[in-house]
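Data first, discussion second: the structure below is written as structure tokens.
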Amino acid sequence: MKFRLENFEPYFLELIGGGRRKPFDHFLLAILLLASRFYRTVVQFRMWLYDKRVIRNHALGCLVVSIGNLSCGGTGKTPVVEVFAKTLSAQGRRVAILSRGYRSKKHSLWFKLAHMFSQQKLEIPPKIVSDGRNLLMDSMYAGDEPYMLATNLKDVAVIVDKDRVKSGLFAIANYRTDVLILDDGFQYLMLKSHINIVLVDSTDPFGNGHVLPRGILREPIKNIRRADYIFLSKSDGRPSLHHLKSFLHRHNRRAEIIECCHQPKYIERVYARGERLSLERLKGAKVAALSAIAVPASFERFLTSLGAELVARKSYADHHRYTQQEIIDFINEAKAAGAELIMTTEKDAVRIPKLDRRDVPLFFLRVEINILSGRESFDQCISRICFL
């Protein structure tokens, strides 16, 4: 079932992006549009219930910072979560990141059935990916992004649970947390957030403007009015962004807009963490690109901009978990194409199984956030969090 869904994803994205226009496609688009209108109504009704306090959210007695998107994936949210957690921790705050652990491994059916027929109430504790000192789970159980964050952050707890109220209470009780960062939290209304940060991909802000499933939006564009800060990711400072900023200001006049880009820092071996090379190694090198992210083209553009010659490339659906055979097949393909090294993303690196093959070295590209404009707003945001 997982592979069938992954195979359907490229077709679906091409369909809603306007790349397919066969007779059946028009019929399917009409169905998707109806479903999209129903979904939009449900989303707005849910928002109304929270606004009118019919459904009440929870305040946990500490500062909650939500970092999320309006759209599905591809905005580069994880590095932004990392830089906030790292900066706040350096300022002396006790930080915990709360994630839902998208596509992390769940408890077995047998485990759930055993508790269903027992007299004990099933109380599953949150998954502790990191307690701020030790990495306690692998990427399969933690999920890609939580594992990445736990690997790169010290003195920051990373906790996975769909119920972020439960995981937040756990963090406060066990780690004396005073700042909770909700990873992908813009749509999570059950926990009251004090600061809402929304990322917008400046290269493709809102897709075709429709909500799911006709488009890529999780909620209507107008709901960006809830944001306190808007990060324009993948920005290059071009003047044409003025129109996007004006559009965002029309929907939200109070939010500060911060332009940022994802800056490559170095490359690191997948099978020998800590062994790093400078980006100069990519200049003129024949490279094979492997990725399973929302926008593989952006990763491949990074490589070519750094001087690499792409001789082979392979992309899978976002969050795809590689098999050993897939990696072996791609290594053979890269070798046949004359590749000197294989490059992947840091998010992909945590999902690649260990192999003894070393004939074509496998590296990932380390990327960090760089603030292009709005540095004062970013510093103000950090100060606001630290002194609240």
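Residues are referred to by chain and number: the chain letter is A, B, ... according to the order shown in the structure tokens, the number counts from 1 in that chain, and ligands are numbered separately from 1 in the order shown.
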TODO: Mind listing the helix (DSSP H, G or I) residues of region 320-354 of chain A, per DSSP on the backbone, as a list in words?
DONE: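 The residues of region 320-354 of chain A classed as helix (DSSP H, G or I) are Gln324, Gln325, Glu326, Ile327, Ile328, Asp329, Phe330, Ile331, Asn332, Glu333, Ala334, Lys335, Ala336, Glu346, Lys347, Asp348 and Ala349 of chain A.
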Create the file for the chosen residues now, containing N, CA and C atoms and written as a short mmCIF file (atom, residue, chain, number, x, y, z; two decimals), in the first residue's frame.
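File written: result-v8.cif
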data_model
loop_
_atom_site.label_atom_id
_atom_site.label_comp_id
_atom_site.auth_asym_id
_atom_site.auth_seq_id
_atom_site.Cartn_x
_atom_site.Cartn_y
_atom_site.Cartn_z
N GLN A 324 17.76 -1.49 1.22
CA GLN A 324 19.15 -1.74 0.86
C GLN A 324 19.29 -1.96 -0.64
N GLN A 325 18.32 -2.67 -1.23
CA GLN A 325 18.42 -2.94 -2.67
C GLN A 325 18.34 -1.66 -3.49
N GLU A 326 17.50 -0.72 -3.08
CA GLU A 326 17.41 0.56 -3.80
C GLU A 326 18.74 1.30 -3.76
N ILE A 327 19.41 1.29 -2.61
CA ILE A 327 20.70 1.97 -2.50
C ILE A 327 21.76 1.25 -3.34
N ILE A 328 21.76 -0.08 -3.28
CA ILE A 328 22.71 -0.84 -4.10
C ILE A 328 22.50 -0.56 -5.58
N ASP A 329 21.24 -0.54 -6.01
CA ASP A 329 20.93 -0.28 -7.42
C ASP A 329 21.40 1.11 -7.84
N PHE A 330 21.20 2.10 -6.96
CA PHE A 330 21.61 3.46 -7.33
C PHE A 330 23.13 3.61 -7.31
N ILE A 331 23.79 2.94 -6.39
CA ILE A 331 25.26 2.98 -6.39
C ILE A 331 25.79 2.40 -7.71
N ASN A 332 25.19 1.29 -8.16
CA ASN A 332 25.60 0.69 -9.44
C ASN A 332 25.32 1.64 -10.60
N GLU A 333 24.18 2.31 -10.56
CA GLU A 333 23.83 3.27 -11.62
C GLU A 333 24.80 4.44 -11.62
N ALA A 334 25.13 4.95 -10.44
CA ALA A 334 26.06 6.07 -10.32
C ALA A 334 27.45 5.67 -10.81
N LYS A 335 27.86 4.46 -10.46
CA LYS A 335 29.18 3.97 -10.87
C LYS A 335 29.25 3.84 -12.38
N ALA A 336 28.18 3.32 -12.99
CA ALA A 336 28.14 3.17 -14.45
C ALA A 336 28.17 4.52 -15.15
N GLU A 346 20.37 15.90 4.02
CA GLU A 346 20.53 15.47 5.41
C GLU A 346 19.30 14.70 5.88
N LYS A 347 18.14 15.11 5.42
CA LYS A 347 16.91 14.43 5.80
C LYS A 347 16.88 13.01 5.22
N ASP A 348 17.41 12.86 4.00
CA ASP A 348 17.46 11.53 3.40
C ASP A 348 18.49 10.64 4.09
N ALA A 349 19.59 11.26 4.55
CA ALA A 349 20.69 10.48 5.12
C ALA A 349 20.24 9.65 6.32
#
Open item on the list: What's around region 169-176 of chain A at 7 Å? Count only C-alpha atoms, leave out sequence neighbours fewer than 2 positions away in its own chain, and write the answer as a PyMOL selection string.
Closed with: chain A and resi 60+96+165-167+178
- [ ] Name all residues at most 9 Å from Tyr229 (chain A) (count only C-alpha atoms; drop same-chain ones fewer than 2 positions away) and give them as a list in words.
- [x] Ile195, Asn196, Ile197, Val198, Leu199, Ala227, Phe231, Arg254, Ala255, Glu256, Ile257, Ile258, Ser377, Phe378 and Cys381 of chain A
Open item on the list: Between CA of Gly185 (chain A) and CA of Leu32 (chain A), what distance in Å does the model show, to one decimal?
Closed with: 25.6 Å
Task: Within 10 Å of Leu15 (chain A) using only C-alpha atoms, minus same-chain residues under 2 positions, as a PyMOL selection string - done: chain A and resi 9-13+17-22+25-26+28-29+214-215
Next, write the just-selected residues to a file, as a compact mmCIF listing (two decimals), in the first residue's frame, keeping C-alpha atoms as the atom set.
# COMPACT_ATOMS: atom_id res chain seq x y z
CA GLU A 9 2.02 10.97 -5.63
CA PRO A 10 3.89 12.17 -8.79
CA TYR A 11 0.70 11.71 -10.85
CA PHE A 12 -1.33 13.65 -8.28
CA LEU A 13 1.16 16.53 -8.10
CA GLY A 17 -0.14 21.47 -11.04
CA GLY A 18 -1.75 21.58 -14.48
CA GLY A 19 0.62 19.18 -16.21
CA ARG A 20 -2.07 16.67 -17.26
CA ARG A 21 -5.21 17.38 -19.25
CA LYS A 22 -6.60 14.06 -20.54
CA ASP A 25 -8.08 14.08 -15.68
CA HIS A 26 -10.75 16.76 -16.13
CA LEU A 28 -10.89 13.79 -11.55
CA LEU A 29 -10.11 17.50 -11.15
CA ARG A 214 -7.28 20.24 -5.34
CA GLY A 215 -4.19 22.16 -4.25
Task: Long-range neighbours of Ser373 (chain A) as JSON, numbers by chain, 8 Å cut-off, only C-alpha atoms, 4 positions minimum in chain - done: {"A": [237, 258, 259, 260]}
TODO: Could you pull out the residues in region 93-214 of chain A that DSSP calls strand (DSSP E or B) from the backbone, as a ChimeraX atom specification?
DONE: /A:95-99,127-131,135,156-160,179-183,191,195-201,211
Task: Exercise: region 307-317 of chain A partners within 8 Å, only C-alpha atoms, chain neighbours under 4 positions left out, as a VMD selection string - done: chain A and resid 6 to 7 9 to 10 282 to 294 296 303 330 333 to 334 337 to 339
Open item on the list: Using only C-alpha atoms, which protein or nucleic acid residues come within 8 Å of Asp184 (chain A)? Drop anything in the same chain fewer than 5 positions from it, and give the result as an MDAnalysis selection string.
Closed with: chainID A and resid 66:69 77 99
Open item on the list: Rounded to one decimal, what separation in Å do you get between CA of Leu277 (chain A) and CA of Ser298 (chain A)?
Closed with: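 If I compute the distance from CA of Leu277 (chain A) to CA of Ser298 (chain A), I get 21.3 Å.
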